[in-house]
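Asks: I'd like to ask some things about the structure below.
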Amino acid sequence: MRWWSVANFLSNAGTWMQLTVQNLLVLQITGSAAATGLSMSVQAAPALFMSLLGGTAVDRWPLKLTAAVSQALLGAVAFTTALLVALGGLDMTSLMVLAAVTGIIATVDGPACALLGNDLVPVADVPSAIGVGSLVHNAGRLVGTALAGVTVAFLGTAAAYAANGLSFLFVASVIPFLRPAPGAVRHAAQVRSVPRPGDGTPSAPDMTMRQGLLFFLRRPRLVALAAVTGVSSVFGRNYGLTLAVLVTGPLAGGAGSFGTVSTVLAVGGILGAVLGARLRRPSVRLVGTLAAAGGLLQVAAGLSPSLAVLLVLVLPMAVVESVSDTAGTSVLQTDPPAHLRGRVLGVWSSIGTVWGLGGPPALGLLMELAGARGALVTGGLIIAATIAAGLTLRARRTPTPTTLPTKEGDVTGRAALGTAA
C-alpha cells in the first residue's frame, strides 16, 4: 500500500502538471479560452458514453494486468505529445485526438486503479484506503500545479508531458509487485464462479453491461448517493468558478487573493482526506448530512463581508466536501458485490461526467441572473433544502417496529419454546 500510494502521488503530480500545461498550450496555439474548454470537454466526453464499457472490461479482465497496460498506454500518449511539442508538430487537431484517446483509456484505467488499491487492504480498511487515496490526490494536485510553471520556465512545455509519461511508467512498473492483503475482497476476474441462489452450486457470474446498470438502478442507496452528489455538484463545489467571481468582484480582490483562497481550499481538502481516512462505516446518510452542512457553509461564504471572513469559511467548506467525497466513494466501492464493482464504477463515471459537463454552465447562468453572492446563497440553500427533504421523506417511509401487547390466553415463554422446537 505504501508503494502504491507513492506511485499514485507521482502520477497525480504528473497528471496535474500536464493538465495545467495543456491549458496554457491550447491558449498559445489558438489564443481562445473557448478552445481550452473544448479540449477539456473532448477528454471528458468518452467517460459519458464508454465508462460502462470500460467498467465491464475491468470486471472481465485480470485487474493487475488491466491497470498496468492502461497506465503504460497513458504514458505512451504523454510521450507522443511531448515529442510532437518538441518537434513543433502539435496542432489543435492532433491535440484533440490525443485528448480523446486519453479519455478513452481513462474509462478503463480509472476503475481498474481504484479497485486495485482496495485489494491491498482488508475489507474493513477500505474506507481508510480511500481516504489515503484522496490525500494522495490532493497532495499530488498541489505539487503538480506548482511544478508546472517551474518546469515550463526552465525545461519547456514538452518536459511537462515527458514527466507525466515517466510517472505513468513508474506506476505500471510497480503494479506487478503488488500483493493483495489477507482478507481483501477478491476481484471478479479472480472469482471463476459464484454460488447459484438456492442450491449453493457454482455458476458463472453475469458479466454483461446491462447487469451492472440494472444493479445500480435497483439499489436505492446508490440512487440516493447519486442524487445527493448530483445536486451538490451542480449547485456547489465549483468553487474555482464561484469564488473566483466573488473574490475578484464584490470583495474587490485580485489574482493573488484568489490564489490564497485556492491554497486554503487545497489545505482543507488534505485535512478532510485525513479525517475521512478514519471513517469505519460510511453511509449515504452521512454523505447527505455533510453535503447539507457544506451547503449552509456555502451560504455563509456568499454573505462574507470581507476576504478575511471568506478565508475562515473556506477551510471548513473544503474539509466537509473532502470527508463527504471519501464517505461517498467508500459506499460506492464497497456496496456492490465484487464481480459488479467495475461496472458500477462505470455507471458512476458516466453520471459524474453529466454533472461535470452540465454543472458549470448551469452555475454560470445562475451567476448571470443572481450574481456571485446570489449564486452561492441560492445554490447552498437548494442543496441543504433538497437533502433535508430527502432525509425527511426517507424517515417517514421507514417502518417503525411495534411491540404487540400480551393478551389473556397467550402462551408464556414463547421465545424459549420456539428455540427449543
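If you're wondering about the labels, chains in the C-alpha cells are A, B, ... by order shown, residues count from 1 in each chain, ligands from 1 in order shown.
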Let's see if you can do this: from backbone DSSP, list all helix (DSSP H, G or I) residues in region 263-406 of chain A, as an MDAnalysis selection string.
Replies: chainID A and resid 263:276 284:302 307:334 338:397
Asks: Enumerate, in order of chain and increasing residue number, the residues of region 77-130 of chain A with an atom no farther than 10 Å from region 12-29 of chain A, each with its shortest atom pair and distance in Å to one decimal, counting only C-alpha atoms, as a tab-separated table.
Replies:
```
residue	atom	partner	partner_atom	distance
A:Ala78	CA	A:Gln18	CA	8.6
A:Val85	CA	A:Leu25	CA	9.4
A:Leu90	CA	A:Ile29	CA	8.9
A:Asp91	CA	A:Ile29	CA	7.2
A:Met92	CA	A:Ile29	CA	7.1
A:Leu95	CA	A:Val26	CA	8.5
A:Met96	CA	A:Val26	CA	9.9
A:Ala99	CA	A:Gln22	CA	9.8
```
Asks: Which polymer residues have any atom within 6 Å of an atom of Val284 (chain A), counting only C-alpha atoms, with same-chain residues fewer than 2 positions away left out, as a PyMOL selection string?
Replies: chain A and resi 225+286-287
Asks: Next, write the just-selected residues to a file, as a compact mmCIF listing (two decimals), in the first residue's frame, keeping N, CA and C atoms as the atom set.
Replies:
```txt
# COMPACT_ATOMS: atom_id res chain seq x y z
N LEU A 225 -27.35 8.14 -3.32
CA LEU A 225 -26.00 8.71 -3.34
C LEU A 225 -25.78 9.54 -4.60
N LEU A 286 -24.66 9.85 6.10
CA LEU A 286 -23.53 10.69 6.46
C LEU A 286 -23.13 11.60 5.29
N VAL A 287 -23.11 11.04 4.09
CA VAL A 287 -22.78 11.84 2.90
C VAL A 287 -23.77 12.98 2.75
```
Asks: Residues within 12 Å of Thr208 (chain A), please, as a list in words. Count only C-alpha atoms; anything in the same chain fewer than 5 positions from it doesn't count.
Replies: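 Contacts, in chain order: Leu52, Leu53, Gly54, Gly55, Thr56, Ala57, Val58, Asp59, Arg60, Leu213, Leu214, Phe215, His339, Leu340, Gly342, Arg343 and Val344 of chain A.
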Asks: In Å to one decimal, how far is CA of Leu48 (chain A) from CA of Arg210 (chain A)?
Replies: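 For CA of Arg210 (chain A) relative to CA of Leu48 (chain A), the distance reads 16.0 Å.
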Asks: Provide the CA of Ala395 (chain A) to CA of Val228 (chain A) distance in Å, to one decimal place.
Replies: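 So the two atoms, CA of Ala395 (chain A) and CA of Val228 (chain A), lie 16.1 Å apart.
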Asks: For a quick check of understanding, using only C-alpha atoms, which of A:Gly103, A:Ala372, A:Gly328, A:Ala67 has the smallest distance to Val223 (chain A)?
Replies: A:Gly328
Asks: Can you measure CA of Ala181 (chain A) to CA of Asn118 (chain A) for me? One decimal in Å is fine.
Replies: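 The value is 9.2 Å.
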Asks: Got a sec: who's within 12 Å of Gly133 (chain A), counting only C-alpha atoms, leaving out chain neighbours fewer than 2 positions off, as an MDAnalysis selection string?
Replies: chainID A and resid 1:2 4:9 11:12 113:118 126:131 135:140 269:270 272:274 276:277 322 325:326 329:330
Asks: Those selected residues, please, written with N, CA and C atoms and delivered as a CSV table (one decimal), in the first residue's frame.
Replies:
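Once written, selection-v1.csv looks like this:
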```csv
chain,number,residue,atom,x,y,z
A,1,MET,N,0.8,-1.2,0.0
A,1,MET,CA,0.0,0.0,0.0
A,1,MET,C,0.9,1.3,0.0
A,2,ARG,N,2.0,1.2,0.7
A,2,ARG,CA,2.9,2.4,0.7
A,2,ARG,C,3.5,2.6,-0.7
A,4,TRP,N,2.1,1.7,-3.5
A,4,TRP,CA,1.0,2.2,-4.4
A,4,TRP,C,0.7,3.6,-4.1
A,5,SER,N,0.8,4.1,-2.9
A,5,SER,CA,0.5,5.5,-2.6
A,5,SER,C,1.6,6.4,-3.1
A,6,VAL,N,2.8,6.0,-3.0
A,6,VAL,CA,3.9,6.8,-3.6
A,6,VAL,C,3.8,6.9,-5.1
A,7,ALA,N,3.4,5.7,-5.8
A,7,ALA,CA,3.3,5.7,-7.2
A,7,ALA,C,2.1,6.6,-7.6
A,8,ASN,N,1.0,6.6,-6.9
A,8,ASN,CA,-0.1,7.4,-7.2
A,8,ASN,C,0.1,8.9,-7.0
A,9,PHE,N,0.9,9.2,-6.0
A,9,PHE,CA,1.3,10.6,-5.7
A,9,PHE,C,2.1,11.1,-6.9
A,11,SER,N,2.1,10.0,-10.0
A,11,SER,CA,1.2,10.0,-11.1
A,11,SER,C,0.2,11.2,-11.1
A,12,ASN,N,-0.3,11.5,-9.9
A,12,ASN,CA,-1.2,12.6,-9.8
A,12,ASN,C,-0.5,13.9,-10.0
A,113,CYS,N,-7.6,1.1,-11.4
A,113,CYS,CA,-6.7,1.5,-10.4
A,113,CYS,C,-7.4,1.7,-9.0
A,114,ALA,N,-8.7,2.1,-9.1
A,114,ALA,CA,-9.4,2.3,-7.8
A,114,ALA,C,-9.6,1.0,-7.1
A,115,LEU,N,-10.0,-0.1,-7.9
A,115,LEU,CA,-10.3,-1.4,-7.3
A,115,LEU,C,-9.0,-2.1,-6.9
A,116,LEU,N,-7.9,-1.8,-7.6
A,116,LEU,CA,-6.6,-2.4,-7.3
A,116,LEU,C,-6.1,-1.9,-5.9
A,117,GLY,N,-6.3,-0.6,-5.7
A,117,GLY,CA,-5.9,0.0,-4.4
A,117,GLY,C,-6.7,-0.7,-3.3
A,118,ASN,N,-8.0,-1.0,-3.5
A,118,ASN,CA,-8.8,-1.6,-2.4
A,118,ASN,C,-8.4,-3.0,-2.1
A,126,VAL,N,-11.0,-0.6,3.8
A,126,VAL,CA,-11.2,0.1,2.5
A,126,VAL,C,-11.5,1.5,2.7
A,127,PRO,N,-12.4,2.0,3.6
A,127,PRO,CA,-12.7,3.4,3.7
A,127,PRO,C,-11.4,4.2,4.0
A,128,SER,N,-10.5,3.6,4.9
A,128,SER,CA,-9.3,4.2,5.2
A,128,SER,C,-8.4,4.3,4.0
A,129,ALA,N,-8.3,3.3,3.2
A,129,ALA,CA,-7.5,3.3,2.0
A,129,ALA,C,-8.0,4.4,1.0
A,130,ILE,N,-9.3,4.5,0.9
A,130,ILE,CA,-9.9,5.6,0.0
A,130,ILE,C,-9.5,6.9,0.5
A,131,GLY,N,-9.5,7.1,1.9
A,131,GLY,CA,-9.1,8.4,2.4
A,131,GLY,C,-7.6,8.7,2.1
A,135,LEU,N,-6.1,11.8,0.0
A,135,LEU,CA,-5.0,12.6,0.5
A,135,LEU,C,-3.9,12.7,-0.6
A,136,VAL,N,-3.6,11.5,-1.2
A,136,VAL,CA,-2.5,11.5,-2.2
A,136,VAL,C,-2.9,12.3,-3.4
A,137,HIS,N,-4.2,12.3,-3.8
A,137,HIS,CA,-4.7,13.0,-4.9
A,137,HIS,C,-4.6,14.5,-4.7
A,138,ASN,N,-5.0,15.0,-3.5
A,138,ASN,CA,-4.9,16.4,-3.2
A,138,ASN,C,-3.5,16.9,-3.1
A,139,ALA,N,-2.6,16.1,-2.5
A,139,ALA,CA,-1.2,16.5,-2.4
A,139,ALA,C,-0.6,16.5,-3.8
A,140,GLY,N,-0.9,15.5,-4.6
A,140,GLY,CA,-0.3,15.5,-6.0
A,140,GLY,C,-0.8,16.7,-6.8
A,269,GLY,N,-8.9,20.4,1.7
A,269,GLY,CA,-9.1,19.1,1.1
A,269,GLY,C,-8.2,18.0,1.7
A,270,ILE,N,-6.9,18.4,2.0
A,270,ILE,CA,-6.0,17.4,2.6
A,270,ILE,C,-6.4,17.1,4.0
A,272,GLY,N,-9.5,17.2,5.2
A,272,GLY,CA,-10.7,16.3,5.1
A,272,GLY,C,-10.3,14.9,4.7
A,273,ALA,N,-9.3,14.7,3.8
A,273,ALA,CA,-8.9,13.4,3.5
A,273,ALA,C,-8.3,12.6,4.7
A,274,VAL,N,-7.6,13.3,5.5
A,274,VAL,CA,-7.1,12.7,6.7
A,274,VAL,C,-8.2,12.3,7.6
A,276,GLY,N,-11.3,11.7,6.7
A,276,GLY,CA,-12.1,10.7,6.0
A,276,GLY,C,-11.5,9.3,6.1
A,277,ALA,N,-10.2,9.3,6.2
A,277,ALA,CA,-9.5,8.0,6.3
A,277,ALA,C,-9.8,7.3,7.7
A,322,SER,N,-14.4,17.2,1.3
A,322,SER,CA,-13.5,16.1,1.2
A,322,SER,C,-13.9,14.9,2.0
A,325,ASP,N,-16.8,13.3,0.1
A,325,ASP,CA,-16.4,12.6,-1.0
A,325,ASP,C,-15.8,11.2,-0.7
A,326,THR,N,-15.0,11.2,0.4
A,326,THR,CA,-14.4,10.0,0.9
A,326,THR,C,-15.5,9.0,1.3
A,329,THR,N,-17.4,7.7,-1.8
A,329,THR,CA,-16.6,6.8,-2.6
A,329,THR,C,-16.5,5.4,-1.9
A,330,SER,N,-16.4,5.4,-0.6
A,330,SER,CA,-16.4,4.2,0.2
A,330,SER,C,-17.7,3.4,0.0
```
